[in-house]
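Engineer: This structure is in structure tokens; I'll ask about it shortly.
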Amino acid sequence: MSLLRNLQRSVTSSSRLAVRSNFQRTSLPFIMTRLASSKAPKLNDPSLFKPNVAYVNGEWVKAASGKTFEVYDPATGDLVGTSPEFTGKDTENAIAAAAAAFPLWRTKTGREKSKYLRKWYDLMVENGEDLAKLITWENGKPLADAKGEVAYAASFFEWFSEEAPRIYGDTIPASVPGNRVVTIKQPVGVCGLITPWNFPAAMVTRKLGPALAAGCTVVVKTPGETPFTALALAELAHRAGIPKGVVNFITTLQHTPEVGETLATHPTIRKISFTGSTQVGRLLMKQASPTLKILSMELGGNAPFIVFDDADVDAAVAGAIASKFRSSGQTCVCANRIYVQRGIYDEFAKKFAEKVKTFKVGNGFDEGITHGPLIHDRAIKKVAAHIKDAEEKGAKVVLGGQQMPDLGANFYQPTVITGMTKDMAISSEETFGPVAALFPFSSEREVVDLANSAEVGLAGYFFSRDLERITRVAEALEVGMVGINTGLISDTASPFGGVKQSGFGREGSKYGIEEYLNIKTITWGGMNKPLQN
């Protein structure tokens with residue numbers, strides 16, 4: 001039995017036995033009857049599971065050192081498998097492979113690249129069930145959510161397969177007589193793509209799709225927590241016939257800083273696309289500055305979710321539930337601060353808590369489970385710290401607020417907290433967990449100021465039926481994406497990205513491919529001669 005499993009068994013609830021209220025005590029139906037099943041999922045195609053190897057230059061390879069790292073199921077603590085512990089030197093080999101493949105790949109026509117991406121998309125759809133099982137196994141999210149992620153992830157290959165043949169330049173009227181000016185768009189070159197664990201498939205394809213469609217070759221640094229989903233995608237790329245070196249998938253855990261620095265500093269890498277924390281994004285920018293790389297940064301969020309008193313309360317509750325608790329709150333666009341106007345605050349809080357009480361927490365493979373574990377113990381500690389901070393400063397936990405040791409070390413009750421104020425940690429820090437913090441507010445001006453007080457600005461949401469207010473607030477919120485009367489904004493066709501310290505650049509949509517293209521201006525003169533006899 002693994003060390004983590006033993007730790008799960010040793011966790012007790014003694015540290016948080018105090019009952020918060022009769023409401024909580026009599027209304028928590030969360031599954032807490034047994035440890036999550038430790039049975040590994042059975043794949044229809046076992047060859048999609050790739051332990052001990054990474055994918056470089058069209059081949060499955062080990063780290064030069066022979067070292068590996070362990071990947072654990074966050075629900076059970078059991079070992080999923082091991083992956084190669086790549087170093088900077090291993091990463092340089094992958095970069096060299098991508099560089100060697102670039103001259104040929106960049107000359108492929110848009111239609112040729114489109115066919116490769118479409119084949120990769122078709123293979124993802126055909127193997128969707130297995131991909132979903134891998135996501136749930138190493139990430140923990142419920143199987144239904146994982147299936148939704150696979151469909152979303154595949155859609156980026158479909159979308160950019162359709163964008164690849166439509167990379168257009170311009171003909172520009174020159175101001176100098178006799179000159180002709182045109183622009184063409186060309187791939188930026190070899191790209192380093194660094195992806196997170198919370199969407200092990202979608203965050204890979206959202207970067208890979210536009211990169212390949214533009215004519216770039218890539219090195220994908222997979223997340224150490226969830227490498228096997230990405231490696232399954234690599235296997236499907238191989239089956240799709242994508243030429244060797246065009247896509248390279250590398251794995252590492254202990255050497256993550258070294259590998260990241262290698263990608264950020266290597267002169268062959270022309271662009272870095274990173275999804276992760278603002279802190280790491282700042283570091284990568286610093287490392288990339290000597291070589292003036294093109295950067296796309298999708299960094300931390302602290303999304304405000306505003307409910308005005310003219311809103312449809314039931315619709316707002318449904319929207320807030322969808323936004324806050326998707327993937328147990330482990331998304332960069334989930335509602336972190338829920339602001340509710342005082343006139344409807346109590347009604348909203350009551351209805352919201354009633355909905356949360358219907359959640360079923362457990363192993364993502366179990367029937368009927370709505371919410372799975374957090375990814376690791378650090379996530380648990382942060383959730384607990386935010387709840388403790390709020391309670392000490394006067395907030396009230398009306399639902400949840402405790403770990404679920406009978407399920408495992410990484411499970412935490414979906415939590416609702418009322419009476420939140422701006423001096424509490426959740427107001428300024430992203431929780432990345434299943435904690436819904438409800439802040440009261442009085443006026444439109446007050447809540448927009450509170451929403452904009454965060455140093456980040458990825459997504460924001462609000463519910464209202466006043467058209468003038470909708471226009472004012474949508475334009476005033478300092479975020480890259482706004483959801484109006486909806487809690488879900490992710491769409492392949494919609495540009496995804498933030499402002500302020502949430503980063504820059506856009507993924508998905510017609511704008512996504514532009515991040516991987518350079519504009520070249522071509523001017524030629526002497527074109528003003530008259531027709532010749």
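Ordering of the structure tokens sets the chain letters (A, B, ...), residue numbers begin anew at 1 in every chain, and ligands are numbered from 1 in the order given.
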Using only C-alpha atoms, which protein or nucleic acid residues come within 7 Å of segment 272-287 of chain A? Drop anything in the same chain fewer than 4 positions from it, and give the result as a PyMOL selection string.
Structural biologist: chain A and resi 191-196+261+264-265+293-300+501-502
Engineer: Please write the residues from the selection above to a file, keeping all heavy atoms, as a compact mmCIF listing (two decimals), in the first residue's frame.
Structural biologist:
```txt
# COMPACT_ATOMS: atom_id res chain seq x y z
N CYS A 191 7.98 26.55 -30.72
CA CYS A 191 7.25 27.08 -29.55
C CYS A 191 7.38 26.14 -28.36
O CYS A 191 7.34 24.91 -28.51
CB CYS A 191 5.77 27.28 -29.88
SG CYS A 191 5.45 28.41 -31.24
N GLY A 192 7.50 26.71 -27.18
CA GLY A 192 7.45 25.96 -25.94
C GLY A 192 6.09 26.17 -25.29
O GLY A 192 5.71 27.30 -25.00
N LEU A 193 5.36 25.09 -25.07
CA LEU A 193 4.02 25.15 -24.51
C LEU A 193 4.04 24.51 -23.13
O LEU A 193 4.38 23.33 -22.98
CB LEU A 193 3.02 24.43 -25.42
CG LEU A 193 3.08 24.76 -26.92
CD1 LEU A 193 2.02 23.97 -27.67
CD2 LEU A 193 2.92 26.26 -27.16
N ILE A 194 3.68 25.28 -22.12
CA ILE A 194 3.71 24.80 -20.73
C ILE A 194 2.29 24.78 -20.20
O ILE A 194 1.63 25.81 -20.11
CB ILE A 194 4.61 25.70 -19.86
CG1 ILE A 194 6.02 25.79 -20.48
CG2 ILE A 194 4.70 25.16 -18.44
CD1 ILE A 194 6.94 26.77 -19.77
N THR A 195 1.81 23.58 -19.84
CA THR A 195 0.39 23.39 -19.55
C THR A 195 0.16 22.97 -18.10
O THR A 195 1.02 22.38 -17.46
CB THR A 195 -0.21 22.34 -20.50
OG1 THR A 195 0.42 21.07 -20.26
CG2 THR A 195 -0.01 22.74 -21.96
N PRO A 196 -1.04 23.26 -17.56
CA PRO A 196 -1.36 22.96 -16.16
C PRO A 196 -2.10 21.63 -16.01
O PRO A 196 -2.51 21.02 -17.00
CB PRO A 196 -2.27 24.13 -15.78
CG PRO A 196 -3.06 24.38 -17.03
CD PRO A 196 -2.11 24.08 -18.19
N GLU A 261 13.10 26.83 -17.35
CA GLU A 261 14.13 27.81 -17.68
C GLU A 261 14.79 27.48 -19.03
O GLU A 261 15.11 28.40 -19.81
CB GLU A 261 15.19 27.84 -16.58
CG GLU A 261 16.27 28.90 -16.80
CD GLU A 261 17.25 29.01 -15.66
OE1 GLU A 261 17.19 28.17 -14.74
OE2 GLU A 261 18.07 29.95 -15.68
N ALA A 264 12.48 28.73 -21.65
CA ALA A 264 12.38 30.19 -21.66
C ALA A 264 13.64 30.87 -22.17
O ALA A 264 13.58 31.98 -22.71
CB ALA A 264 12.03 30.69 -20.26
N THR A 265 14.79 30.23 -22.01
CA THR A 265 16.05 30.89 -22.37
C THR A 265 16.65 30.40 -23.67
O THR A 265 17.50 31.07 -24.24
CB THR A 265 17.09 30.68 -21.24
OG1 THR A 265 17.30 29.27 -21.06
CG2 THR A 265 16.62 31.31 -19.94
N LYS A 293 11.52 36.70 -26.51
CA LYS A 293 10.54 35.76 -27.04
C LYS A 293 9.14 36.38 -27.08
O LYS A 293 8.80 37.25 -26.26
CB LYS A 293 10.52 34.50 -26.18
CG LYS A 293 11.72 33.62 -26.37
CD LYS A 293 11.66 32.41 -25.46
CE LYS A 293 12.77 31.42 -25.74
NZ LYS A 293 14.10 31.99 -25.88
N ILE A 294 8.35 35.90 -28.01
CA ILE A 294 6.92 36.21 -28.00
C ILE A 294 6.30 35.39 -26.86
O ILE A 294 6.60 34.21 -26.70
CB ILE A 294 6.28 35.84 -29.34
CG1 ILE A 294 6.93 36.64 -30.47
CG2 ILE A 294 4.77 36.10 -29.32
CD1 ILE A 294 6.52 36.18 -31.84
N LEU A 295 5.42 36.01 -26.10
CA LEU A 295 4.83 35.35 -24.94
C LEU A 295 3.31 35.41 -24.98
O LEU A 295 2.72 36.42 -25.39
CB LEU A 295 5.30 36.00 -23.64
CG LEU A 295 6.81 36.02 -23.37
CD1 LEU A 295 7.09 36.83 -22.11
CD2 LEU A 295 7.35 34.60 -23.23
N SER A 296 2.69 34.32 -24.57
CA SER A 296 1.27 34.29 -24.27
C SER A 296 1.14 33.78 -22.84
O SER A 296 1.67 32.71 -22.52
CB SER A 296 0.50 33.37 -25.21
OG SER A 296 0.52 33.86 -26.53
N MET A 297 0.48 34.55 -21.99
CA MET A 297 0.40 34.20 -20.57
C MET A 297 -1.07 34.18 -20.12
O MET A 297 -1.74 35.20 -20.17
CB MET A 297 1.17 35.22 -19.73
CG MET A 297 2.66 35.25 -19.99
SD MET A 297 3.45 33.85 -19.19
CE MET A 297 5.13 34.01 -19.82
N GLU A 298 -1.53 32.99 -19.72
CA GLU A 298 -2.87 32.89 -19.12
C GLU A 298 -2.64 32.52 -17.67
O GLU A 298 -2.37 31.39 -17.33
CB GLU A 298 -3.70 31.83 -19.85
CG GLU A 298 -5.17 31.88 -19.54
CD GLU A 298 -5.57 30.92 -18.44
OE1 GLU A 298 -5.71 29.73 -18.71
OE2 GLU A 298 -5.72 31.40 -17.29
N LEU A 299 -2.73 33.55 -16.81
CA LEU A 299 -2.27 33.43 -15.43
C LEU A 299 -3.44 33.40 -14.45
O LEU A 299 -4.56 33.10 -14.80
CB LEU A 299 -1.29 34.56 -15.13
CG LEU A 299 -0.14 34.70 -16.16
CD1 LEU A 299 0.75 35.89 -15.81
CD2 LEU A 299 0.67 33.41 -16.24
N GLY A 300 -3.15 33.70 -13.19
CA GLY A 300 -4.12 33.54 -12.12
C GLY A 300 -5.36 34.41 -12.28
O GLY A 300 -5.36 35.43 -12.94
N GLN A 501 -2.62 41.49 -14.18
CA GLN A 501 -1.67 40.41 -13.90
C GLN A 501 -2.24 39.00 -14.14
O GLN A 501 -1.68 38.01 -13.69
CB GLN A 501 -1.14 40.55 -12.47
CG GLN A 501 -0.29 41.81 -12.30
CD GLN A 501 0.53 41.81 -11.03
OE1 GLN A 501 1.17 40.83 -10.67
NE2 GLN A 501 0.52 42.95 -10.35
N SER A 502 -3.34 38.96 -14.89
CA SER A 502 -3.82 37.68 -15.40
C SER A 502 -3.18 37.35 -16.74
O SER A 502 -3.49 36.31 -17.33
CB SER A 502 -5.35 37.69 -15.54
OG SER A 502 -5.96 37.57 -14.28
```
Engineer: Quick one: residues within 12 Å of Gly148 of chain A, only C-alpha atoms, excluding same-chain residues fewer than 5 positions away - as a PyMOL selection string?
Structural biologist: chain A and resi 125+128-129+131-133+135-136+141-143+153-155+199+201-202+326-327+490
Engineer: Find the spatial neighbours of Thr256 of chain A, counting only C-alpha atoms, within a cut-off of 9 Å - ignore same-chain residues fewer than 4 positions away - and output them as a PyMOL selection string.
Structural biologist: chain A and resi 86-87+221+223-224+251-252+260-261
Engineer: For Arg180 of chain A, list every protein, DNA or RNA residue within 6 Å, evaluated using only C-alpha atoms, and leave out those in the same chain fewer than 5 positions away; present the list as a ChimeraX atom specification.
Structural biologist: /A:174,523-524
Engineer: Quick one: pick out all strand (DSSP E) residues within segment 340-427 of chain A from a backbone DSSP run and write them as a ChimeraX atom specification.
Structural biologist: /A:340-341,396-399,415-418
